[in-house]
$ cat start.txt   # compact mmCIF, C-alpha atoms and all ligand atoms
# COMPACT_ATOMS: atom_id res chain seq x y z
CA MET A 1 0.00 0.00 0.00
CA ALA A 2 1.42 3.39 -0.98
CA LEU A 3 1.52 5.72 2.00
CA PRO A 4 -0.60 8.87 1.72
CA ARG A 5 1.43 12.11 1.74
CA THR A 6 -0.93 13.81 4.19
CA ALA A 7 -3.15 12.65 7.05
CA SER A 8 -5.42 14.27 9.62
CA VAL A 9 -3.85 12.04 12.26
CA VAL A 10 -0.96 9.59 12.30
CA ILE A 11 -0.93 6.90 14.99
CA ILE A 12 2.50 5.35 15.62
CA GLY A 13 2.02 1.73 16.67
CA GLY A 14 -0.43 -0.93 15.52
CA GLY A 15 -0.74 -2.71 18.86
CA VAL A 16 -4.01 -3.13 20.70
CA VAL A 17 -3.84 0.50 21.92
CA GLY A 18 -3.13 2.09 18.51
CA CYS A 19 -5.75 -0.04 16.77
CA SER A 20 -8.38 0.78 19.40
CA ILE A 21 -7.69 4.51 19.01
CA ALA A 22 -7.87 4.21 15.21
CA TYR A 23 -11.18 2.37 15.43
CA HIS A 24 -12.71 4.86 17.84
CA LEU A 25 -11.60 7.87 15.76
CA ALA A 26 -12.88 6.31 12.54
CA ARG A 27 -16.14 5.32 14.16
CA ARG A 28 -16.68 8.90 15.23
CA GLY A 29 -16.29 9.98 11.58
CA GLN A 30 -12.66 11.14 11.65
CA ARG A 31 -11.29 10.87 8.10
CA ASP A 32 -7.71 10.28 6.95
CA VAL A 33 -6.59 8.32 10.01
CA VAL A 34 -3.29 6.53 9.33
CA VAL A 35 -1.71 3.88 11.59
CA LEU A 36 1.99 3.14 11.02
CA GLU A 37 3.31 -0.17 12.34
CA ARG A 38 6.93 -1.14 11.86
CA GLU A 39 6.23 -4.87 11.98
CA THR A 40 2.72 -6.33 11.74
CA VAL A 41 -0.51 -5.46 13.54
CA GLY A 42 -0.49 -6.89 17.06
CA SER A 43 3.05 -8.30 16.83
CA GLY A 44 4.47 -6.07 19.58
CA THR A 45 4.00 -6.65 23.26
CA THR A 46 0.29 -7.21 22.63
CA SER A 47 1.24 -10.65 21.26
CA LYS A 48 2.83 -11.52 24.64
CA ALA A 49 -0.15 -10.68 26.88
CA ALA A 50 -1.88 -13.31 28.98
CA GLY A 51 -5.32 -11.95 28.08
CA GLY A 52 -6.32 -11.20 31.67
CA ILE A 53 -9.13 -8.72 32.41
CA ARG A 54 -9.71 -7.57 35.99
CA ALA A 55 -11.64 -4.79 37.66
CA GLN A 56 -9.34 -4.92 40.70
CA PHE A 57 -7.39 -1.64 40.37
CA PRO A 58 -6.38 0.90 43.02
CA THR A 59 -7.92 4.06 41.51
CA GLU A 60 -11.43 5.05 40.47
CA THR A 61 -10.27 6.01 36.96
CA GLU A 62 -8.68 2.61 36.35
CA VAL A 63 -11.63 0.69 37.79
CA ARG A 64 -13.88 2.67 35.43
CA PHE A 65 -11.52 1.80 32.54
CA SER A 66 -11.93 -1.88 33.44
CA LEU A 67 -15.71 -1.70 33.72
CA GLU A 68 -15.87 -0.02 30.31
CA ALA A 69 -13.61 -2.75 28.89
CA ILE A 70 -15.69 -5.56 30.35
CA GLY A 71 -18.80 -4.08 28.71
CA VAL A 72 -17.03 -3.89 25.34
CA PHE A 73 -15.56 -7.41 25.58
CA GLU A 74 -18.94 -8.85 26.53
CA ARG A 75 -20.50 -7.37 23.36
CA PHE A 76 -17.43 -7.78 21.14
CA GLU A 77 -18.70 -10.63 19.01
CA GLU A 78 -21.99 -8.83 18.37
CA GLU A 79 -20.29 -5.56 17.47
CA PHE A 80 -17.17 -6.77 15.64
CA GLY A 81 -18.22 -10.23 14.44
CA VAL A 82 -15.15 -11.79 16.11
CA ASP A 83 -15.15 -14.50 18.78
CA ILE A 84 -12.49 -13.29 21.23
CA GLY A 85 -12.80 -16.29 23.57
CA TYR A 86 -14.16 -14.10 26.36
CA ARG A 87 -14.59 -16.18 29.52
CA LYS A 88 -15.31 -15.12 33.09
CA ILE A 89 -12.71 -17.30 34.76
CA GLY A 90 -12.27 -14.89 37.69
CA TYR A 91 -9.11 -13.58 39.39
CA LEU A 92 -7.98 -15.11 42.66
CA PHE A 93 -5.33 -13.42 44.84
CA LEU A 94 -3.69 -15.51 47.54
CA VAL A 95 -2.64 -13.36 50.49
CA SER A 96 -0.19 -14.45 53.19
CA ASP A 97 0.49 -11.14 54.87
CA GLU A 98 -1.83 -9.06 57.11
CA GLU A 99 -0.54 -5.75 55.83
CA ASP A 100 -1.08 -6.82 52.24
CA LEU A 101 -4.61 -7.84 53.19
CA ARG A 102 -5.28 -4.37 54.65
CA GLY A 103 -4.32 -2.87 51.26
CA PHE A 104 -6.69 -5.26 49.49
CA ARG A 105 -9.52 -4.33 51.90
CA GLU A 106 -9.07 -0.63 51.17
CA ARG A 107 -9.05 -1.19 47.42
CA MET A 108 -12.02 -3.56 47.66
CA ALA A 109 -14.07 -0.84 49.40
CA LEU A 110 -13.46 1.47 46.42
CA GLN A 111 -14.08 -1.27 43.87
CA ARG A 112 -17.33 -2.39 45.50
CA ARG A 113 -18.55 1.22 45.70
CA LEU A 114 -18.07 1.35 41.92
CA GLY A 115 -20.10 -1.84 41.47
CA VAL A 116 -17.35 -4.46 41.16
CA ASP A 117 -18.11 -7.95 42.43
CA VAL A 118 -15.05 -8.65 44.58
CA ARG A 119 -14.82 -10.28 48.00
CA GLU A 120 -12.49 -11.54 50.67
CA ILE A 121 -12.70 -15.28 51.16
CA SER A 122 -11.01 -17.74 53.50
CA PRO A 123 -8.08 -19.96 52.47
CA ALA A 124 -10.46 -22.95 52.61
CA GLU A 125 -12.86 -21.22 50.22
CA ALA A 126 -9.94 -20.50 47.88
CA LYS A 127 -9.10 -24.21 47.96
CA ALA A 128 -12.70 -25.02 47.09
CA ILE A 129 -12.27 -22.91 43.92
CA VAL A 130 -8.86 -24.41 43.02
CA PRO A 131 -8.50 -27.74 44.88
CA ALA A 132 -4.83 -28.12 43.85
CA LEU A 133 -3.79 -25.13 45.97
CA ARG A 134 -1.66 -25.31 49.09
CA VAL A 135 -3.33 -22.83 51.48
CA ASP A 136 -1.91 -23.54 54.97
CA ASP A 137 0.32 -20.42 54.88
CA LEU A 138 -2.38 -18.00 53.67
CA VAL A 139 -4.27 -15.48 55.79
CA ALA A 140 -7.01 -14.92 53.19
CA ALA A 141 -7.78 -14.72 49.49
CA VAL A 142 -9.48 -12.13 47.35
CA TRP A 143 -11.91 -13.35 44.71
CA GLY A 144 -13.22 -11.43 41.72
CA PRO A 145 -15.61 -13.84 40.00
CA SER A 146 -16.45 -11.39 37.18
CA ASP A 147 -12.84 -10.96 36.12
CA ALA A 148 -12.12 -12.64 32.84
CA MET A 149 -9.84 -13.49 29.93
CA ALA A 150 -9.95 -13.03 26.18
CA GLY A 151 -7.59 -13.21 23.21
CA PRO A 152 -5.43 -10.09 22.67
CA ALA A 153 -4.77 -10.99 19.01
CA GLU A 154 -8.48 -11.43 18.29
CA VAL A 155 -9.34 -8.11 19.96
CA THR A 156 -6.56 -6.24 18.13
CA ASN A 157 -7.56 -7.72 14.78
CA GLY A 158 -11.21 -6.88 15.51
CA PHE A 159 -10.35 -3.22 16.14
CA ALA A 160 -8.01 -3.10 13.12
CA ARG A 161 -10.44 -4.70 10.70
CA ARG A 162 -13.34 -2.46 11.68
CA ALA A 163 -11.10 0.63 11.63
CA ARG A 164 -10.12 -0.23 8.04
CA GLU A 165 -13.77 -0.80 7.08
CA LEU A 166 -14.51 2.67 8.44
CA GLY A 167 -11.78 4.23 6.28
CA ALA A 168 -8.62 4.19 8.43
CA LYS A 169 -5.39 3.13 6.71
CA ILE A 170 -3.12 0.73 8.58
CA ALA A 171 0.33 0.36 7.02
CA GLU A 172 2.59 -2.49 8.17
CA GLY A 173 6.36 -2.69 7.79
CA VAL A 174 6.68 1.11 8.09
CA ASP A 175 9.10 2.43 10.71
CA VAL A 176 8.69 6.02 11.91
CA THR A 177 12.21 7.43 12.03
CA ALA A 178 11.64 11.14 12.81
CA ILE A 179 8.93 13.52 13.98
CA PRO A 180 9.78 16.99 12.69
CA VAL A 181 8.65 19.80 14.98
CA GLU A 182 8.34 23.33 13.57
CA HIS A 183 7.70 26.38 15.79
CA GLY A 184 6.74 24.10 18.68
CA ARG A 185 4.21 22.13 16.59
CA VAL A 186 4.37 18.68 15.07
CA ALA A 187 4.67 18.96 11.29
CA GLY A 188 4.47 15.30 10.31
CA VAL A 189 6.44 12.08 10.42
CA ALA A 190 9.36 10.71 8.43
CA THR A 191 9.27 6.97 7.77
CA THR A 192 11.17 4.25 5.97
CA ASP A 193 8.50 4.64 3.26
CA GLY A 194 8.56 8.43 2.91
CA ALA A 195 7.11 11.38 4.82
CA ILE A 196 3.55 12.21 5.83
CA ALA A 197 2.49 15.75 6.70
CA THR A 198 0.02 15.85 9.58
CA PRO A 199 -0.98 18.24 12.37
CA LEU A 200 -1.57 15.40 14.85
CA VAL A 201 0.70 12.50 15.83
CA ILE A 202 -0.31 9.92 18.44
CA ASN A 203 2.44 7.94 20.16
CA ALA A 204 1.00 4.46 20.78
CA ALA A 205 4.36 2.70 20.49
CA GLY A 206 4.05 0.51 23.63
CA PRO A 207 7.49 -0.38 25.08
CA ALA A 208 9.06 1.94 22.44
CA GLY A 209 6.99 4.85 23.80
CA ALA A 210 10.03 6.66 25.26
CA ALA A 211 12.06 6.17 22.06
CA VAL A 212 9.23 7.57 19.93
CA GLY A 213 8.83 10.45 22.40
CA ARG A 214 12.51 11.29 21.89
CA LEU A 215 11.89 11.62 18.12
CA ALA A 216 9.81 14.71 18.97
CA GLY A 217 12.13 15.87 21.76
CA VAL A 218 9.71 14.75 24.48
CA LYS A 219 10.85 12.79 27.54
CA LEU A 220 8.43 10.02 28.54
CA ALA A 221 8.94 7.81 31.59
CA VAL A 222 8.18 4.47 29.92
CA GLN A 223 10.36 1.69 31.31
CA PRO A 224 10.03 -1.63 29.47
CA ARG A 225 10.48 -4.56 31.86
CA ARG A 226 10.73 -8.22 30.86
CA ARG A 227 8.26 -10.83 32.08
CA HIS A 228 8.14 -14.55 31.25
CA ILE A 229 5.27 -16.97 30.79
CA PHE A 230 5.81 -20.73 30.51
CA TYR A 231 3.33 -23.45 29.59
CA THR A 232 3.10 -27.13 30.39
CA GLU A 233 2.18 -30.11 28.32
CA PRO A 234 -1.55 -30.98 28.67
CA PHE A 235 -2.14 -31.37 32.41
CA PRO A 236 -5.52 -32.96 33.26
CA GLU A 237 -4.47 -33.30 36.94
CA ILE A 238 -5.64 -29.70 37.37
CA PRO A 239 -8.93 -29.56 35.49
CA GLY A 240 -10.18 -26.23 34.12
CA PRO A 241 -11.48 -23.69 34.31
CA VAL A 242 -8.86 -22.23 36.67
CA PRO A 243 -9.03 -18.52 37.60
CA LEU A 244 -5.99 -16.35 37.03
CA THR A 245 -4.48 -17.15 40.42
CA THR A 246 -1.71 -14.97 41.84
CA ASP A 247 0.44 -15.85 44.83
CA ARG A 248 1.09 -12.42 46.33
CA ALA A 249 4.02 -13.62 48.41
CA SER A 250 6.10 -14.69 45.40
CA GLY A 251 4.44 -12.90 42.45
CA PHE A 252 3.88 -16.28 40.74
CA TYR A 253 0.65 -16.63 38.79
CA PHE A 254 -1.04 -19.34 36.78
CA ARG A 255 -4.21 -20.21 34.91
CA LYS A 256 -5.40 -22.87 32.55
CA GLU A 257 -5.11 -22.38 28.77
CA MET A 258 -7.06 -25.12 27.02
CA GLU A 259 -5.51 -28.34 28.42
CA GLN A 260 -2.24 -26.69 29.47
CA LEU A 261 -1.22 -24.64 32.48
CA LEU A 262 0.22 -21.15 31.94
CA LEU A 263 2.76 -20.24 34.63
CA SER A 264 4.60 -16.97 35.23
CA PRO A 265 7.25 -16.22 37.86
CA GLY A 266 5.97 -12.62 38.00
CA ASP A 267 9.42 -11.28 37.10
CA VAL A 268 10.06 -7.55 36.50
CA GLU A 269 13.45 -7.17 34.84
CA ASP A 270 15.20 -4.26 33.15
CA ILE A 271 16.80 -5.48 29.93
CA GLY A 272 17.23 -2.01 28.46
CA GLU A 273 15.64 -1.43 25.09
CA ASP A 274 16.29 -4.93 23.77
CA PHE A 275 12.99 -5.38 21.99
CA SER A 276 13.90 -8.90 20.86
CA VAL A 277 13.12 -9.98 24.49
CA PRO A 278 15.14 -13.22 24.77
CA VAL A 279 13.88 -15.97 27.09
CA ASP A 280 16.10 -16.48 30.12
CA ARG A 281 16.00 -20.22 30.77
CA ALA A 282 17.02 -19.69 34.40
CA ARG A 283 13.53 -18.33 34.90
CA ILE A 284 12.14 -21.83 34.34
CA ASP A 285 13.70 -23.07 37.60
CA GLU A 286 12.39 -20.02 39.46
CA THR A 287 8.90 -20.58 38.03
CA VAL A 288 8.90 -24.29 38.89
CA GLU A 289 10.09 -23.59 42.44
CA LYS A 290 7.35 -21.01 43.06
CA ALA A 291 4.75 -23.27 41.42
CA LEU A 292 5.73 -26.32 43.50
CA HIS A 293 5.25 -24.31 46.67
CA ARG A 294 1.72 -23.21 45.75
CA ILE A 295 0.44 -26.14 43.64
CA PRO A 296 2.50 -29.19 44.66
CA ILE A 297 0.83 -31.48 42.11
CA VAL A 298 2.63 -29.52 39.40
CA GLU A 299 5.53 -31.85 40.20
CA LYS A 300 3.88 -34.23 37.68
CA ALA A 301 3.76 -31.60 34.89
CA ARG A 302 6.34 -30.99 32.16
CA ILE A 303 7.24 -27.54 30.86
CA ALA A 304 6.65 -27.55 27.09
CA GLY A 305 7.73 -24.00 26.22
CA GLY A 306 7.42 -20.34 27.04
CA TRP A 307 7.97 -16.76 25.96
CA ALA A 308 9.03 -13.39 27.32
CA GLY A 309 7.57 -9.96 26.66
CA LEU A 310 8.06 -6.36 27.70
CA ARG A 311 5.66 -4.66 30.07
CA PRO A 312 5.82 -0.91 29.43
CA LEU A 313 5.87 0.30 33.05
CA THR A 314 5.93 3.85 34.46
CA PRO A 315 7.31 5.03 37.82
CA ASP A 316 3.83 5.18 39.41
CA ASP A 317 2.34 2.22 37.51
CA HIS A 318 -0.30 4.33 35.80
CA ALA A 319 -0.45 4.85 32.04
CA ILE A 320 0.53 8.12 30.33
CA ILE A 321 -2.36 9.52 28.29
CA GLY A 322 -2.74 13.11 27.07
CA TRP A 323 -1.04 15.93 25.18
CA ALA A 324 2.74 15.83 25.43
CA PRO A 325 4.00 18.91 27.24
CA GLY A 326 6.01 21.32 25.08
CA VAL A 327 5.07 20.06 21.60
CA GLU A 328 1.69 20.97 20.16
CA GLY A 329 -0.06 18.28 18.18
CA PHE A 330 1.78 15.38 19.89
CA PHE A 331 -0.56 13.10 21.83
CA VAL A 332 0.62 10.19 23.98
CA ALA A 333 -1.02 6.86 24.93
CA VAL A 334 1.75 4.69 26.40
CA GLY A 335 3.00 3.12 29.64
CA PHE A 336 0.18 0.62 30.14
CA GLY A 337 2.33 -1.87 32.03
CA GLY A 338 0.63 -5.22 32.52
CA HIS A 339 -2.86 -3.94 31.74
CA GLY A 340 -2.72 -2.35 28.29
CA PHE A 341 -4.76 -5.06 26.64
CA GLN A 342 -7.65 -4.83 29.07
CA HIS A 343 -7.62 -1.02 29.13
CA SER A 344 -7.45 -0.63 25.34
CA PRO A 345 -11.22 -0.24 24.72
CA ALA A 346 -11.56 2.60 27.26
CA THR A 347 -8.32 4.21 26.06
CA GLY A 348 -9.61 4.30 22.49
CA ARG A 349 -12.95 5.72 23.51
CA TYR A 350 -11.60 8.49 25.76
CA VAL A 351 -8.75 9.45 23.43
CA GLY A 352 -11.34 9.73 20.64
CA GLU A 353 -13.49 12.00 22.81
CA TRP A 354 -10.49 14.08 23.82
CA LEU A 355 -9.39 14.68 20.23
CA LEU A 356 -12.82 15.17 18.69
CA ASP A 357 -14.79 16.84 21.50
CA GLY A 358 -11.93 18.78 23.08
CA LYS A 359 -12.00 16.79 26.31
CA PRO A 360 -12.79 13.26 27.51
CA SER A 361 -16.02 12.54 29.40
CA LEU A 362 -13.98 10.96 32.23
CA ASP A 363 -11.33 12.86 34.23
CA LEU A 364 -8.01 11.43 33.03
CA SER A 365 -5.71 13.62 35.14
CA LEU A 366 -4.32 10.44 36.76
CA PHE A 367 -2.55 9.77 33.44
CA ASP A 368 -1.24 13.34 32.87
CA PRO A 369 1.99 13.13 30.80
CA GLY A 370 3.49 16.09 32.70
CA ARG A 371 3.10 14.61 36.19
CA PHE A 372 6.60 13.16 36.57
CA ALA A 373 8.41 16.35 35.49
CA ARG A 374 6.23 18.36 37.90
CA GLY A 375 6.84 15.86 40.72
CA ALA A 376 3.06 15.42 40.87
CA ALA A 377 2.78 11.66 40.36
CA VAL A 378 0.61 9.94 42.96
CA HIS A 379 2.04 6.64 44.14
CA HIS A 380 -0.98 4.57 45.15
CA ASP A 381 -0.51 1.29 46.94
CA LYS A 382 -0.41 -0.29 43.52
CA GLY A 383 -2.24 -3.41 44.51
CA PRO A 384 -2.22 -6.46 42.34
CA ASP A 385 0.60 -6.59 39.82
CA ALA A 386 -1.27 -9.48 38.40
CA GLU A 387 -0.33 -10.03 34.80
C1 LIG A 401 4.14 -11.47 29.77
C2 LIG A 401 3.10 -10.38 29.66
C3 LIG A 401 1.80 -10.65 30.07
C4 LIG A 401 0.82 -9.65 29.97
N1 LIG A 401 -0.47 -9.96 30.34
C5 LIG A 401 -1.43 -9.02 30.22
C6 LIG A 401 -2.77 -9.32 30.60
O1 LIG A 401 -3.08 -10.43 31.05
N2 LIG A 401 -3.70 -8.34 30.47
C7 LIG A 401 -3.39 -7.09 29.98
O2 LIG A 401 -4.28 -6.23 29.92
N3 LIG A 401 -2.12 -6.78 29.60
C8 LIG A 401 -1.14 -7.72 29.72
N4 LIG A 401 0.14 -7.42 29.37
C9 LIG A 401 0.45 -6.04 28.96
C10 LIG A 401 0.06 -5.77 27.53
O3 LIG A 401 0.66 -6.73 26.68
C11 LIG A 401 0.51 -4.35 27.10
O4 LIG A 401 0.22 -3.39 28.09
C12 LIG A 401 -0.21 -3.94 25.81
O5 LIG A 401 -0.12 -4.98 24.86
C13 LIG A 401 0.37 -2.67 25.27
O6 LIG A 401 -0.18 -2.47 23.98
P1 LIG A 401 0.42 -1.36 23.03
O7 LIG A 401 -0.45 -1.30 21.84
O8 LIG A 401 0.63 -0.12 23.84
O9 LIG A 401 1.89 -1.90 22.70
P2 LIG A 401 2.41 -2.87 21.51
O10 LIG A 401 1.55 -4.05 21.32
O11 LIG A 401 3.85 -3.13 21.74
O12 LIG A 401 2.21 -1.96 20.23
C14 LIG A 401 3.09 -0.91 19.91
C15 LIG A 401 3.51 -1.09 18.47
O13 LIG A 401 4.28 0.03 18.07
C16 LIG A 401 5.16 -0.40 17.08
N5 LIG A 401 6.23 0.61 17.00
C17 LIG A 401 7.12 0.95 17.95
N6 LIG A 401 7.94 1.92 17.50
C18 LIG A 401 7.55 2.19 16.23
C19 LIG A 401 8.02 3.08 15.23
N7 LIG A 401 9.07 3.90 15.44
N8 LIG A 401 7.39 3.09 14.03
C20 LIG A 401 6.34 2.26 13.78
N9 LIG A 401 5.87 1.39 14.70
C21 LIG A 401 6.46 1.36 15.91
C22 LIG A 401 5.65 -1.75 17.59
O14 LIG A 401 6.13 -2.56 16.54
C23 LIG A 401 4.38 -2.31 18.24
O15 LIG A 401 3.69 -3.22 17.42
C24 LIG A 401 1.14 -8.38 29.45
C25 LIG A 401 2.46 -8.12 29.03
C26 LIG A 401 3.43 -9.11 29.12
C27 LIG A 401 4.81 -8.82 28.64

$ encode --input "start.txt" --output "structure tokens"
Amino acid sequence: MALPRTASVVIIGGGVVGCSIAYHLARRGQRDVVVLERETVGSGTTSKAAGGIRAQFPTETEVRFSLEAIGVFERFEEEFGVDIGYRKIGYLFLVSDEEDLRGFRERMALQRRLGVDVREISPAEAKAIVPALRVDDLVAAVWGPSDAMAGPAEVTNGFARRARELGAKIAEGVDVTAIPVEHGRVAGVATTDGAIATPLVINAAGPAGAAVGRLAGVKLAVQPRRRHIFYTEPFPEIPGPVPLTTDRASGFYFRKEMEQLLLSPGDVEDIGEDFSVPVDRARIDETVEKALHRIPIVEKARIAGGWAGLRPLTPDDHAIIGWAPGVEGFFVAVGFGGHGFQHSPATGRYVGEWLLDGKPSLDLSLFDPGRFARGAAVHHDKGPDAE
């Protein structure tokens, strides 16, 4: 596809976030929307996500993002004609520390006020949900039965396909190499396929969010951190469905994927900007050790494979959404950490409102791109670092 020479808006990044924004803009009637993706749609960190969807977040804004997402995912097949494998498997947090439990209770009060079905249960009740669990060292568990999972690739392709049907152009294999800024305003983008003049550039580059920010001279606090997921051979000893179950003491989490178990050590590792994200085989031993402690029957399972991906974290664990300070026409939607897949529908909707109506219908000041430079970031007890 030949690139257009002009666009009303250029979105850098064809991950779940960029595709959702493109869809929402196109749906609202915005013409000449162009998405530039250096590889293929959904091949970035979106392809590494575990597909988890939870309403258990520490702030009202993020809980509202989740509730919006759950509504969209529930209707996705109807609206987009794509089966995304949406299933309410629930999220189960295993808590072994009283202070941690106090944090959960505070967050649960907020979540319940906003209508989320989430409750504290006893270790024995947790074992009734997942009989394979070892629970003798737990003080409690937190159960969100409405939390769910779905396929990130299916959701991304659903957004991308409908965005294209509505007139957006999505170009793959096109790397944005420069963002010229003239008199404090974005003038366009330079790419490996030529330049596009545009008054509006959206940075939806996921783990490359800081690098793309630098192209426009904007500093963004996106810190990609590696996380692994391993999977077993079919393991009928733990029958499904199994909620996404997180051991708070070790960070280990697991769930069932078809007949296999997915297992993650919950690692958070700085590997610089190595976007090839190699698998560190030493993490297998760590994963197995944590798994054996929590689900001893896993001793009978065999690891069949695994992958690693980058979680685009920020210093306060909240995303960065809004106009970039200092450069007019440069909008940012990055830093989604371990929850960018599940927050993509709400991100697309509110970014669309912001750009087309002048402001979003929900207060998004939590995500203000200027908060770190101003020293105004709010460090909430971040709660579950679940995915
Ligand atoms: C192991 C793991 C498990 C996870 N589990 C979950 C989960 O259960 N639930 C959940 O909600 N989230 C989960 N996440 C987080 C989730 O994957 C991310 O937050 C989300 O995918 C971010 O989407 P994105 O569109 O911002 O980024 P990406 O998917 O990375 O998209 C950005 C795109 O920009 C492109 N790009 C970058 N630079 C340029 C450039 N210069 N020019 C052109 N294109 C460019 C890249 O190629 C990429 O495709 C998980 C992440 C990991 C690593």

$ closest_atom_pairs --input "start.txt" --of "chain A" --to "ligand LIG 401 (chain A)" --cutoff "6 Å" --atoms "all atoms listed in the file" --output "JSON lines"
{"residue": "A:Ile12", "atom": "CA", "partner": "A:LIG401", "partner_atom": "C20", "distance": 5.3}
{"residue": "A:Gly13", "atom": "CA", "partner": "A:LIG401", "partner_atom": "O13", "distance": 3.2}
{"residue": "A:Gly14", "atom": "CA", "partner": "A:LIG401", "partner_atom": "C15", "distance": 4.9}
{"residue": "A:Gly15", "atom": "CA", "partner": "A:LIG401", "partner_atom": "O7", "distance": 3.3}
{"residue": "A:Val16", "atom": "CA", "partner": "A:LIG401", "partner_atom": "O7", "distance": 4.2}
{"residue": "A:Val17", "atom": "CA", "partner": "A:LIG401", "partner_atom": "O7", "distance": 3.8}
{"residue": "A:Gly18", "atom": "CA", "partner": "A:LIG401", "partner_atom": "O7", "distance": 5.5}
{"residue": "A:Leu36", "atom": "CA", "partner": "A:LIG401", "partner_atom": "C20", "distance": 5.2}
{"residue": "A:Glu37", "atom": "CA", "partner": "A:LIG401", "partner_atom": "N9", "distance": 3.8}
{"residue": "A:Arg38", "atom": "CA", "partner": "A:LIG401", "partner_atom": "N9", "distance": 3.9}
{"residue": "A:Glu39", "atom": "CA", "partner": "A:LIG401", "partner_atom": "O14", "distance": 5.1}
{"residue": "A:Gly42", "atom": "CA", "partner": "A:LIG401", "partner_atom": "O10", "distance": 5.5}
{"residue": "A:Ser43", "atom": "CA", "partner": "A:LIG401", "partner_atom": "O15", "distance": 5.2}
{"residue": "A:Gly44", "atom": "CA", "partner": "A:LIG401", "partner_atom": "O15", "distance": 3.7}
{"residue": "A:Thr45", "atom": "CA", "partner": "A:LIG401", "partner_atom": "O11", "distance": 3.8}
{"residue": "A:Thr46", "atom": "CA", "partner": "A:LIG401", "partner_atom": "O5", "distance": 3.2}
{"residue": "A:Lys48", "atom": "CA", "partner": "A:LIG401", "partner_atom": "C26", "distance": 5.1}
{"residue": "A:Ala49", "atom": "CA", "partner": "A:LIG401", "partner_atom": "C4", "distance": 3.4}
{"residue": "A:Ala50", "atom": "CA", "partner": "A:LIG401", "partner_atom": "O1", "distance": 3.7}
{"residue": "A:Gly51", "atom": "CA", "partner": "A:LIG401", "partner_atom": "O1", "distance": 4.0}
{"residue": "A:Gly52", "atom": "CA", "partner": "A:LIG401", "partner_atom": "O1", "distance": 3.4}
{"residue": "A:Ile53", "atom": "CA", "partner": "A:LIG401", "partner_atom": "N2", "distance": 5.8}
{"residue": "A:Val174", "atom": "CA", "partner": "A:LIG401", "partner_atom": "C20", "distance": 5.8}
{"residue": "A:Asp175", "atom": "CA", "partner": "A:LIG401", "partner_atom": "N8", "distance": 3.8}
{"residue": "A:Val176", "atom": "CA", "partner": "A:LIG401", "partner_atom": "N8", "distance": 3.8}
{"residue": "A:Thr177", "atom": "CA", "partner": "A:LIG401", "partner_atom": "N7", "distance": 5.8}
{"residue": "A:Ala204", "atom": "CA", "partner": "A:LIG401", "partner_atom": "O8", "distance": 5.5}
{"residue": "A:Ala205", "atom": "CA", "partner": "A:LIG401", "partner_atom": "O13", "distance": 3.6}
{"residue": "A:Gly206", "atom": "CA", "partner": "A:LIG401", "partner_atom": "O9", "distance": 3.4}
{"residue": "A:Pro207", "atom": "CA", "partner": "A:LIG401", "partner_atom": "O11", "distance": 5.7}
{"residue": "A:Ala208", "atom": "CA", "partner": "A:LIG401", "partner_atom": "C17", "distance": 5.0}
{"residue": "A:Val212", "atom": "CA", "partner": "A:LIG401", "partner_atom": "N7", "distance": 5.8}
{"residue": "A:Arg227", "atom": "CA", "partner": "A:LIG401", "partner_atom": "C1", "distance": 4.8}
{"residue": "A:His228", "atom": "CA", "partner": "A:LIG401", "partner_atom": "C1", "distance": 5.3}
{"residue": "A:Ile229", "atom": "CA", "partner": "A:LIG401", "partner_atom": "C1", "distance": 5.7}
{"residue": "A:Ala308", "atom": "CA", "partner": "A:LIG401", "partner_atom": "C1", "distance": 5.8}
{"residue": "A:Gly309", "atom": "CA", "partner": "A:LIG401", "partner_atom": "C27", "distance": 3.6}
{"residue": "A:Leu310", "atom": "CA", "partner": "A:LIG401", "partner_atom": "C27", "distance": 4.2}
{"residue": "A:Arg311", "atom": "CA", "partner": "A:LIG401", "partner_atom": "C27", "distance": 4.5}
{"residue": "A:Val334", "atom": "CA", "partner": "A:LIG401", "partner_atom": "O8", "distance": 5.6}
{"residue": "A:Phe336", "atom": "CA", "partner": "A:LIG401", "partner_atom": "O4", "distance": 4.5}
{"residue": "A:Gly337", "atom": "CA", "partner": "A:LIG401", "partner_atom": "O4", "distance": 4.7}
{"residue": "A:Gly338", "atom": "CA", "partner": "A:LIG401", "partner_atom": "C9", "distance": 3.7}
{"residue": "A:His339", "atom": "CA", "partner": "A:LIG401", "partner_atom": "O2", "distance": 3.3}
{"residue": "A:Gly340", "atom": "CA", "partner": "A:LIG401", "partner_atom": "O4", "distance": 3.1}
{"residue": "A:Phe341", "atom": "CA", "partner": "A:LIG401", "partner_atom": "O2", "distance": 3.5}
{"residue": "A:Gln342", "atom": "CA", "partner": "A:LIG401", "partner_atom": "O2", "distance": 3.7}
{"residue": "A:Glu387", "atom": "CA", "partner": "A:LIG401", "partner_atom": "N1", "distance": 4.5}

$ residues_around --input "start.txt" --residues "A:Asp368" --least-positions-apart "5" --cutoff "7 Å" --atoms "all atoms listed in the file" --output "list of chain:residue names"
A:Ile320, A:Ile321, A:Gly322

$ atom_distance --input "start.txt" --atom1 "atom CA of A:Ser344" --atom2 "atom CA of A:His318"
13.6 Å

$ closest_residue --input "start.txt" --among "A:Ala319, A:Val118, A:Val33, A:Ala69" --to "A:Ile11" --atoms "all atoms listed in the file"
A:Val33

$ closest_residue --input "start.txt" --among "A:Val139, A:Gln223, A:Asp317, A:Pro199" --to "A:Ala377" --atoms "all atoms listed in the file"
A:Asp317

$ residues_around --input "start.txt" --residues "stretch 182-185 of chain A" --least-positions-apart "3" --cutoff "9 Å" --atoms "all atoms listed in the file" --output "number ranges by chain"
A: 199, 326-330
